[in-house]
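Have a look at start03.txt below; it lists compact mmCIF, C-alpha atoms and all ligand atoms.
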# COMPACT_ATOMS: atom_id res chain seq x y z
CA VAL A 255 2.89 4.77 -0.73
CA ILE A 256 3.57 7.63 1.65
CA LEU A 257 1.08 10.44 2.14
CA THR A 258 2.87 13.52 3.40
CA CYS A 259 2.89 17.30 3.51
CA TYR A 260 6.67 17.20 2.98
CA PRO A 261 7.42 14.98 -0.05
CA GLU A 262 10.95 16.38 -0.30
CA MET A 263 11.81 14.48 2.90
CA PHE A 264 11.77 11.22 0.85
CA PRO A 265 13.52 9.00 0.02
CA GLY A 266 15.90 10.63 2.54
CA SER A 267 17.47 7.89 4.64
CA LEU A 268 15.64 5.27 2.56
CA GLY A 269 17.95 6.16 -0.33
CA TYR A 270 21.10 4.89 1.43
CA SER A 271 22.93 1.63 2.12
CA VAL A 272 21.03 -1.68 1.90
CA ILE A 273 17.62 0.00 1.72
CA GLY A 274 18.85 2.45 -0.93
CA ASN A 275 20.28 -0.44 -2.97
CA ALA A 276 16.99 -2.30 -2.66
CA LEU A 277 15.16 0.79 -3.90
CA ASN A 278 17.54 1.16 -6.87
CA ASN A 279 17.22 -2.56 -7.64
CA LYS A 280 13.41 -2.33 -7.46
CA LYS A 281 13.09 -4.80 -4.57
CA PHE A 282 10.48 -2.36 -3.35
CA SER A 283 9.00 0.80 -4.79
CA LEU A 284 8.23 4.06 -3.10
CA GLU A 285 5.44 6.38 -4.18
CA ILE A 286 5.25 9.73 -2.46
CA VAL A 287 1.94 11.60 -2.53
CA ASN A 288 1.91 15.27 -1.60
CA LEU A 289 -1.14 16.07 0.52
CA HIS A 290 -0.90 19.71 -0.58
CA ASN A 291 -1.91 18.61 -4.11
CA PHE A 292 -5.31 17.77 -2.61
CA GLY A 293 -5.66 20.95 -0.54
CA ILE A 294 -8.90 22.85 -0.26
CA ASP A 295 -7.72 26.08 -1.92
CA LYS A 296 -5.22 27.43 -4.43
CA ARG A 297 -2.54 27.50 -1.73
CA GLY A 298 -3.04 23.80 -1.15
CA SER A 299 -4.16 24.21 2.48
CA VAL A 300 -4.67 20.85 4.18
CA ASP A 301 -5.47 21.82 7.77
CA ASP A 302 -7.86 23.81 9.92
CA GLU A 303 -8.36 24.81 13.56
CA PRO A 304 -9.42 22.12 16.03
CA PHE A 305 -13.06 22.08 17.14
CA GLY A 306 -13.26 22.63 20.88
CA GLY A 307 -10.19 24.87 20.82
CA GLY A 308 -6.60 24.05 21.65
CA PRO A 309 -3.23 24.67 20.08
CA GLY A 310 -2.13 23.57 16.62
CA MET A 311 -3.92 22.76 13.41
CA VAL A 312 -5.56 19.51 12.34
CA ILE A 313 -5.30 17.85 8.90
CA ARG A 314 -8.76 17.72 7.31
CA PRO A 315 -10.43 14.37 6.53
CA ASP A 316 -11.64 15.42 3.07
CA VAL A 317 -8.07 16.22 2.00
CA ILE A 318 -6.89 12.78 3.09
CA GLU A 319 -9.79 11.05 1.36
CA LYS A 320 -9.13 12.89 -1.92
CA ALA A 321 -5.44 11.98 -1.75
CA LEU A 322 -6.32 8.36 -1.00
CA ASN A 323 -8.74 8.20 -3.93
CA SER A 324 -5.92 9.21 -6.27
CA ILE A 325 -3.96 6.05 -5.38
CA THR A 326 -4.41 2.79 -7.23
CA PHE A 327 -3.24 -0.31 -5.39
CA LYS A 328 -1.90 -3.06 -7.61
CA THR A 329 -3.14 -5.88 -5.34
CA ASP A 330 -5.81 -6.49 -2.70
CA ASN A 331 -3.12 -7.32 -0.15
CA TYR A 332 -2.51 -3.84 1.22
CA CYS A 333 -2.93 -2.06 4.55
CA LYS A 334 -3.32 1.55 5.59
CA ILE A 335 -1.28 2.87 8.45
CA PHE A 336 -1.50 6.17 10.27
CA LEU A 337 1.61 6.92 12.29
CA THR A 338 0.66 8.53 15.58
CA PRO A 339 2.04 8.57 19.15
CA SER A 340 -1.32 7.26 20.38
CA GLY A 341 -1.24 4.19 18.15
CA GLN A 342 -0.25 0.61 18.97
CA LYS A 343 3.47 0.50 19.78
CA LEU A 344 5.61 -0.93 16.98
CA SER A 345 7.55 -4.11 17.74
CA GLN A 346 9.45 -6.72 15.74
CA PRO A 347 6.56 -9.26 15.87
CA LYS A 348 4.16 -6.54 14.69
CA LEU A 349 6.55 -5.67 11.83
CA ASN A 350 6.95 -9.34 10.89
CA ASN A 351 3.17 -9.57 10.63
CA LEU A 352 2.73 -6.35 8.67
CA SER A 353 5.49 -7.39 6.27
CA LYS A 354 3.12 -10.02 4.85
CA HIS A 355 1.35 -7.22 2.95
CA ASP A 356 2.39 -6.53 -0.63
CA GLU A 357 1.55 -2.82 -0.43
CA MET A 358 1.20 -0.25 2.30
CA LEU A 359 -0.18 3.20 2.54
CA ILE A 360 1.48 5.28 5.23
CA LEU A 361 -0.07 8.52 6.38
CA CYS A 362 2.25 11.05 8.03
CA GLY A 363 0.57 13.47 10.39
CA ARG A 364 1.77 17.02 11.06
CA PHE A 365 0.82 19.85 13.39
CA GLU A 366 -1.65 18.58 16.06
CA GLY A 367 -2.48 15.49 14.01
CA VAL A 368 -5.28 14.23 11.78
CA ASP A 369 -9.08 14.47 12.05
CA GLN A 370 -10.15 11.20 13.72
CA ARG A 371 -12.94 10.63 11.18
CA ALA A 372 -10.37 10.16 8.40
CA ILE A 373 -8.75 7.41 10.45
CA GLU A 374 -12.06 5.67 11.15
CA ILE A 375 -13.82 6.05 7.79
CA LEU A 376 -10.78 5.26 5.67
CA GLY A 377 -9.75 2.30 7.86
CA PHE A 378 -6.25 3.24 9.02
CA GLN A 379 -4.42 1.16 11.64
CA GLU A 380 -2.81 3.51 14.15
CA ILE A 381 0.83 2.77 14.90
CA SER A 382 3.34 4.52 17.14
CA ILE A 383 7.10 4.14 16.81
CA GLY A 384 7.57 4.82 20.52
CA ASP A 385 6.47 6.79 23.55
CA TYR A 386 7.80 10.19 22.53
CA VAL A 387 6.54 12.91 20.20
CA LEU A 388 8.10 13.90 16.88
CA SER A 389 7.13 17.04 14.97
CA GLY A 390 5.75 15.02 12.10
CA GLY A 391 5.15 11.53 10.78
CA GLU A 392 7.90 11.65 8.12
CA LEU A 393 10.73 10.50 10.40
CA ALA A 394 8.40 7.87 11.87
CA ALA A 395 7.62 6.71 8.30
CA ALA A 396 11.35 6.43 7.57
CA VAL A 397 11.83 4.29 10.70
CA PHE A 398 8.79 2.18 9.88
CA CYS A 399 9.75 1.67 6.21
CA ASP A 400 13.39 0.91 6.97
CA SER A 401 12.49 -1.74 9.54
CA ILE A 402 9.87 -3.39 7.34
CA ILE A 403 11.82 -3.24 4.05
CA ARG A 404 14.76 -5.13 5.58
CA LEU A 405 12.32 -8.04 6.02
CA VAL A 406 11.53 -8.17 2.29
CA PRO A 407 13.22 -11.26 0.79
CA GLY A 408 16.30 -10.28 -1.21
CA VAL A 409 16.81 -6.91 0.46
CA LEU A 410 19.52 -8.02 2.88
CA GLY A 411 22.52 -9.75 1.29
CA ASP A 412 22.24 -12.74 3.61
CA GLU A 413 18.67 -14.08 3.76
CA SER A 414 19.05 -15.23 7.36
CA SER A 415 20.41 -11.87 8.52
CA ALA A 416 17.06 -10.35 9.55
CA LEU A 417 16.16 -13.55 11.39
CA THR A 418 19.21 -13.31 13.64
CA ASP A 419 18.62 -9.66 14.53
CA SER A 420 17.66 -8.56 18.02
CA PHE A 421 14.00 -9.05 18.98
CA GLN A 422 13.48 -11.99 16.59
CA ASP A 423 12.64 -15.01 18.79
CA ASN A 424 12.44 -12.64 21.76
CA ARG A 425 16.24 -12.51 21.94
CA LEU A 426 18.89 -9.82 21.73
CA SER A 427 21.91 -10.01 19.47
CA GLU A 428 25.09 -11.45 21.04
CA PRO A 429 28.17 -9.17 21.19
CA ILE A 430 30.01 -9.04 17.85
CA TYR A 431 33.68 -8.40 17.00
CA THR A 432 35.94 -7.73 14.02
CA ARG A 433 39.66 -6.88 13.51
CA PRO A 434 41.95 -6.08 15.26
CA LYS A 435 42.00 -9.17 17.48
CA ASN A 436 43.51 -7.12 20.28
CA TYR A 437 42.16 -3.62 20.68
CA GLU A 438 43.61 -1.47 23.42
CA GLY A 439 44.25 -4.59 25.51
CA LEU A 440 40.74 -6.01 24.99
CA LYS A 441 40.90 -9.33 23.17
CA VAL A 442 38.24 -10.93 20.98
CA PRO A 443 36.79 -13.96 22.85
CA GLU A 444 39.07 -16.94 22.07
CA ILE A 445 36.15 -19.11 21.02
CA LEU A 446 35.38 -16.86 18.02
CA ILE A 447 38.83 -17.47 16.54
CA SER A 448 38.92 -21.17 17.43
CA GLY A 449 37.38 -22.29 14.14
CA ASN A 450 35.09 -24.61 16.13
CA THR A 451 31.77 -23.76 14.51
CA LYS A 452 29.69 -25.88 16.91
CA ALA A 453 31.26 -24.23 19.96
CA ILE A 454 30.85 -20.78 18.39
CA GLU A 455 27.17 -21.47 17.74
CA LYS A 456 26.73 -22.54 21.40
CA TRP A 457 28.59 -19.44 22.67
CA ARG A 458 26.42 -17.15 20.52
CA GLU A 459 23.25 -18.82 21.77
CA LYS A 460 24.38 -18.40 25.40
CA LYS A 461 25.38 -14.73 24.95
CA SER A 462 22.17 -13.97 23.09
CA LEU A 463 20.13 -15.37 26.00
CA GLU A 464 22.22 -13.47 28.54
N1 LIG B 501 -0.85 15.99 19.22
C1 LIG B 501 -0.26 14.73 19.00
C2 LIG B 501 -0.21 13.95 20.28
O1 LIG B 501 -0.03 14.54 21.33
O2 LIG B 501 -0.31 12.69 20.23
C3 LIG B 501 1.15 14.86 18.46
C4 LIG B 501 1.19 15.33 17.06
S1 LIG B 501 2.82 15.30 16.42
C5 LIG B 501 3.38 16.90 16.83
C6 LIG B 501 2.55 15.43 14.69
C7 LIG B 501 2.58 14.11 13.94
O3 LIG B 501 3.85 13.50 14.11
C8 LIG B 501 1.59 13.06 14.37
O4 LIG B 501 0.31 13.26 13.80
C9 LIG B 501 2.24 11.78 13.87
O5 LIG B 501 1.95 11.53 12.51
C10 LIG B 501 3.73 12.08 14.00
N2 LIG B 501 4.32 11.46 15.19
C11 LIG B 501 4.86 12.11 16.26
N3 LIG B 501 5.32 11.25 17.17
C12 LIG B 501 5.12 10.02 16.69
C13 LIG B 501 5.36 8.69 17.18
N4 LIG B 501 5.91 8.50 18.37
N5 LIG B 501 5.00 7.66 16.40
C14 LIG B 501 4.42 7.84 15.20
N6 LIG B 501 4.15 9.07 14.69
C15 LIG B 501 4.48 10.14 15.41
Now, as a test, write the supplied structure out as structure tokens.
Ligand code: SAM
Amino acid sequence: VILTCYPEMFPGSLGYSVIGNALNNKKFSLEIVNLHNFGIDKRGSVDDEPFGGGPGMVIRPDVIEKALNSITFKTDNYCKIFLTPSGQKLSQPKLNNLSKHDEMLILCGRFEGVDQRAIEILGFQEISIGDYVLSGGELAAAVFCDSIIRLVPGVLGDESSALTDSFQDNRLSEPIYTRPKNYEGLKVPEILISGNTKAIEKWREKKSLE
């Protein structure tokens, strides 16, 4: 479930390729909740000026709570995540851990961010997708969802595919090649066309460590 001021930004990139297929094949479901539907006035306002002054507006805690109360989780195995640059930095081990949840609520901030009391009272984990600042949490939510959905069994064609990706086992992916065998004078490493599966495995292991 994604809580956002810009519902039209979804499914966006989550509607394409393997993730899009998984969505169409109901390997996961996406519910988008528009924060403006829980605004404090007829215009659906969700934000107000920051106490103490400063630039930008802040999303109100009561709006977030109302939106949250409208959501029914199907299981008890869910977590609530607020995407924010000041959160714990996302990593593959963190994603592997979070992927054990059956359901997730993802709150996208906008403007200056979200009133801290909403985060504390409603029990959000704060997660950052990296040390840089986006204009809103929607792109961060797309990155987060894409990287976690590919860990859902059945989403990737080959079950072992996600396990051989970079960062699993603290490794990086080895270099990979396809046709043509000779491209502008650069040849595919001989070993990969040798048919010797044991030697190929060893080569991959070595390159991955390098
Ligand atoms: N004032 C905030 C700060 O300095 O940390 C930045 C707010 S940013 C303009 C608006 C929203 O974008 C944030 O509330 C958050 O939801 C999202 N966002 C921006 N950068 C992000 C990042 N690196 N990771 C996760 N979310 C991010």
Per-residue nearest contacts of chain A to ligand LIG 501 (chain B) (7 Å; all atoms listed in the file) as a tab-separated table:
residue	atom	partner	partner_atom	distance
A:Phe336	CA	B:LIG501	O5	6.8
A:Leu337	CA	B:LIG501	N6	4.1
A:Thr338	CA	B:LIG501	N6	3.6
A:Pro339	CA	B:LIG501	C13	3.9
A:Ser340	CA	B:LIG501	O2	5.5
A:Cys362	CA	B:LIG501	O5	4.5
A:Gly363	CA	B:LIG501	O5	3.2
A:Arg364	CA	B:LIG501	C6	4.0
A:Phe365	CA	B:LIG501	C6	4.9
A:Glu366	CA	B:LIG501	N1	4.2
A:Gly367	CA	B:LIG501	O4	3.6
A:Val368	CA	B:LIG501	O4	6.0
A:Ile381	CA	B:LIG501	C14	6.2
A:Ser382	CA	B:LIG501	N5	3.6
A:Ile383	CA	B:LIG501	N5	4.1
A:Gly384	CA	B:LIG501	N4	4.6
A:Asp385	CA	B:LIG501	N4	5.5
A:Tyr386	CA	B:LIG501	N4	4.9
A:Val387	CA	B:LIG501	N3	3.7
A:Leu388	CA	B:LIG501	C11	3.8
A:Ser389	CA	B:LIG501	C5	4.2
A:Gly390	CA	B:LIG501	O3	3.2
A:Gly391	CA	B:LIG501	C10	3.6
A:Ala394	CA	B:LIG501	C14	5.2
key: Between CA of Asp295 in chain A and CA of Phe264 in chain A - distance in Å to one decimal   =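 Spanning CA of Phe264 in chain A to CA of Asp295 in chain A is a straight-line distance of 24.7 Å.
Going from CA of Ser420 in chain A to CA of Met263 in chain A covers 28.2 Å.
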request  = Have a look at CA of Gly293 in chain A and CA of Val317 in chain A and let me know their distance in Å, one decimal.
outcome  =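 Atom-to-atom, CA of Gly293 in chain A and CA of Val317 in chain A are spaced 5.9 Å apart.
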ask   = Which is closest to Val312 in chain A among A:Arg371, A:Lys452, A:Lys441, A:Arg404, if we use all atoms listed in the file?
value =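 Of A:Arg371, A:Lys452, A:Lys441, A:Arg404, the one nearest Val312 in chain A is A:Arg371, counting all atoms listed in the file.
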Please determine an axis-aligned box that encloses all atoms of range 313-328 of chain A listed in the file, with 3 Å added on each side, and express its centre and edge lengths in Å to one decimal as JSON.
{"center_x": -6.8, "center_y": 7.4, "center_z": 0.6, "size_x": 15.7, "size_y": 26.9, "size_z": 22.5}
key: A:Asp369, A:Ile273, A:Ile318, A:Asn331 ranked by distance to Lys354 in chain A, top pick (using all atoms listed in the file)   =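 Closest residue, counting all atoms listed in the file: A:Asn331.
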inquiry  = So, with all atoms listed in the file as the atoms that count, which of A:Leu257, A:Val397, A:Leu277, A:Ile447 lies closest to Asn323 in chain A?
reply    =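 Counting all atoms listed in the file, the residue closest to Asn323 in chain A is A:Leu257.
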task = Compute the distance from (20.9, -10.9, 20.8) to each atom, counting all atoms listed in the file, keep the residues with any atom at most 9 Å away, and return them as JSON, numbers by chain; use the coordinates of the file.
result = {"A": [418, 419, 420, 421, 422, 424, 425, 426, 427, 428, 429, 458, 459, 461, 462, 463, 464]}
Would you save the residues of that selection, restricted to C-alpha atoms, as an mmCIF file, keeping the file's coordinate frame?
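The resulting file, selection.cif, is reproduced below:
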data_model
loop_
_atom_site.group_PDB
_atom_site.id
_atom_site.type_symbol
_atom_site.label_atom_id
_atom_site.label_comp_id
_atom_site.auth_asym_id
_atom_site.auth_seq_id
_atom_site.Cartn_x
_atom_site.Cartn_y
_atom_site.Cartn_z
ATOM 1 C CA THR A 418 19.210 -13.310 13.640
ATOM 2 C CA ASP A 419 18.620 -9.660 14.530
ATOM 3 C CA SER A 420 17.660 -8.560 18.020
ATOM 4 C CA PHE A 421 14.000 -9.050 18.980
ATOM 5 C CA GLN A 422 13.480 -11.990 16.590
ATOM 6 C CA ASN A 424 12.440 -12.640 21.760
ATOM 7 C CA ARG A 425 16.240 -12.510 21.940
ATOM 8 C CA LEU A 426 18.890 -9.820 21.730
ATOM 9 C CA SER A 427 21.910 -10.010 19.470
ATOM 10 C CA GLU A 428 25.090 -11.450 21.040
ATOM 11 C CA PRO A 429 28.170 -9.170 21.190
ATOM 12 C CA ARG A 458 26.420 -17.150 20.520
ATOM 13 C CA GLU A 459 23.250 -18.820 21.770
ATOM 14 C CA LYS A 461 25.380 -14.730 24.950
ATOM 15 C CA SER A 462 22.170 -13.970 23.090
ATOM 16 C CA LEU A 463 20.130 -15.370 26.000
ATOM 17 C CA GLU A 464 22.220 -13.470 28.540
#
ask   = Between A:Glu444, A:Glu303, A:Glu392, A:Asp400, which has the minimum distance to Glu262 in chain A (counting all atoms listed in the file)?
value = A:Glu392
From A:Val255, A:Ile403, A:Thr451, A:Val300, residue lying nearest Thr326 in chain A [all atoms listed in the file] =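 Among the listed residues, the smallest separation from Thr326 in chain A belongs to A:Val255.
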Using only C-alpha atoms, determine which residues lie at most 12 Å from Asn278 in chain A, disregarding the query and same-chain residues fewer than 4 positions distant; provide the list as a PDB file with C-alpha atoms, in the frame of the given file.
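Below you can see around_25.pdb, which holds the result:
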ATOM      1  CA  PRO A 265      13.520   9.000   0.020  1.00  0.00           C
ATOM      2  CA  LEU A 268      15.640   5.270   2.560  1.00  0.00           C
ATOM      3  CA  GLY A 269      17.950   6.160  -0.330  1.00  0.00           C
ATOM      4  CA  TYR A 270      21.100   4.890   1.430  1.00  0.00           C
ATOM      5  CA  SER A 271      22.930   1.630   2.120  1.00  0.00           C
ATOM      6  CA  VAL A 272      21.030  -1.680   1.900  1.00  0.00           C
ATOM      7  CA  ILE A 273      17.620   0.000   1.720  1.00  0.00           C
ATOM      8  CA  GLY A 274      18.850   2.450  -0.930  1.00  0.00           C
ATOM      9  CA  PHE A 282      10.480  -2.360  -3.350  1.00  0.00           C
ATOM     10  CA  SER A 283       9.000   0.800  -4.790  1.00  0.00           C
ATOM     11  CA  LEU A 284       8.230   4.060  -3.100  1.00  0.00           C
ATOM     12  CA  VAL A 409      16.810  -6.910   0.460  1.00  0.00           C
TER      13      VAL A 409
END
inquiry  = Could you check the closest approach to Gly266 in chain A for each of A:Val287, A:Leu417, A:Ile375, A:Leu393 and tell me which residue wins, using all atoms listed in the file?
reply    = A:Leu393
Write out as a PDB file with C-alpha atoms, in the frame of the given file the residues lying within 10 Å of Glu319 in chain A, counting all atoms listed in the file and excluding same-chain residues fewer than 6 positions away.
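selection18.pdb was written with the following content:
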ATOM      1  CA  PHE A 292      -5.310  17.770  -2.610  1.00  0.00           C
ATOM      2  CA  ALA A 372     -10.370  10.160   8.400  1.00  0.00           C
ATOM      3  CA  ILE A 373      -8.750   7.410  10.450  1.00  0.00           C
ATOM      4  CA  ILE A 375     -13.820   6.050   7.790  1.00  0.00           C
ATOM      5  CA  LEU A 376     -10.780   5.260   5.670  1.00  0.00           C
TER       6      LEU A 376
END
Residues within 6 Å of (-2.3, 4.9, 8.0), counting all atoms listed in the file, listed as a ChimeraX atom specification = /A:334-336,360-361,378-379
Rebuild range 444-455 of chain A to N, CA, C and O atoms - output it as a PDB file, in the frame of the given file, please.
ATOM      1  N   GLU A 444      38.299 -15.856  22.693  1.00  0.00           N
ATOM      2  CA  GLU A 444      39.070 -16.940  22.070  1.00  0.00           C
ATOM      3  C   GLU A 444      38.196 -17.825  21.177  1.00  0.00           C
ATOM      4  O   GLU A 444      38.575 -18.199  20.074  1.00  0.00           O
ATOM      5  N   ILE A 445      37.017 -18.144  21.708  1.00  0.00           N
ATOM      6  CA  ILE A 445      36.150 -19.110  21.020  1.00  0.00           C
ATOM      7  C   ILE A 445      35.849 -18.686  19.575  1.00  0.00           C
ATOM      8  O   ILE A 445      35.755 -19.511  18.676  1.00  0.00           O
ATOM      9  N   LEU A 446      35.749 -17.349  19.353  1.00  0.00           N
ATOM     10  CA  LEU A 446      35.380 -16.860  18.020  1.00  0.00           C
ATOM     11  C   LEU A 446      36.499 -17.039  17.003  1.00  0.00           C
ATOM     12  O   LEU A 446      36.250 -16.966  15.797  1.00  0.00           O
ATOM     13  N   ILE A 447      37.744 -17.238  17.490  1.00  0.00           N
ATOM     14  CA  ILE A 447      38.830 -17.470  16.540  1.00  0.00           C
ATOM     15  C   ILE A 447      39.324 -18.927  16.600  1.00  0.00           C
ATOM     16  O   ILE A 447      40.353 -19.263  16.037  1.00  0.00           O
ATOM     17  N   SER A 448      38.513 -19.770  17.258  1.00  0.00           N
ATOM     18  CA  SER A 448      38.920 -21.170  17.430  1.00  0.00           C
ATOM     19  C   SER A 448      38.655 -21.997  16.173  1.00  0.00           C
ATOM     20  O   SER A 448      39.251 -23.059  16.002  1.00  0.00           O
ATOM     21  N   GLY A 449      37.733 -21.513  15.333  1.00  0.00           N
ATOM     22  CA  GLY A 449      37.380 -22.290  14.140  1.00  0.00           C
ATOM     23  C   GLY A 449      36.387 -23.409  14.450  1.00  0.00           C
ATOM     24  O   GLY A 449      35.945 -24.124  13.552  1.00  0.00           O
ATOM     25  N   ASN A 450      36.021 -23.557  15.721  1.00  0.00           N
ATOM     26  CA  ASN A 450      35.090 -24.610  16.130  1.00  0.00           C
ATOM     27  C   ASN A 450      33.653 -24.102  15.983  1.00  0.00           C
ATOM     28  O   ASN A 450      33.092 -23.471  16.880  1.00  0.00           O
ATOM     29  N   THR A 451      33.068 -24.361  14.828  1.00  0.00           N
ATOM     30  CA  THR A 451      31.770 -23.760  14.510  1.00  0.00           C
ATOM     31  C   THR A 451      30.663 -24.158  15.499  1.00  0.00           C
ATOM     32  O   THR A 451      29.802 -23.342  15.822  1.00  0.00           O
ATOM     33  N   LYS A 452      30.708 -25.406  15.965  1.00  0.00           N
ATOM     34  CA  LYS A 452      29.690 -25.880  16.910  1.00  0.00           C
ATOM     35  C   LYS A 452      29.787 -25.096  18.216  1.00  0.00           C
ATOM     36  O   LYS A 452      28.772 -24.646  18.767  1.00  0.00           O
ATOM     37  N   ALA A 453      31.034 -24.943  18.698  1.00  0.00           N
ATOM     38  CA  ALA A 453      31.260 -24.230  19.960  1.00  0.00           C
ATOM     39  C   ALA A 453      30.890 -22.757  19.805  1.00  0.00           C
ATOM     40  O   ALA A 453      30.327 -22.150  20.721  1.00  0.00           O
ATOM     41  N   ILE A 454      31.189 -22.199  18.641  1.00  0.00           N
ATOM     42  CA  ILE A 454      30.850 -20.780  18.390  1.00  0.00           C
ATOM     43  C   ILE A 454      29.335 -20.595  18.437  1.00  0.00           C
ATOM     44  O   ILE A 454      28.816 -19.670  19.061  1.00  0.00           O
ATOM     45  N   GLU A 455      28.645 -21.497  17.778  1.00  0.00           N
ATOM     46  CA  GLU A 455      27.170 -21.470  17.740  1.00  0.00           C
ATOM     47  C   GLU A 455      26.606 -21.476  19.173  1.00  0.00           C
ATOM     48  O   GLU A 455      25.718 -20.701  19.525  1.00  0.00           O
TER      49      GLU A 455
END
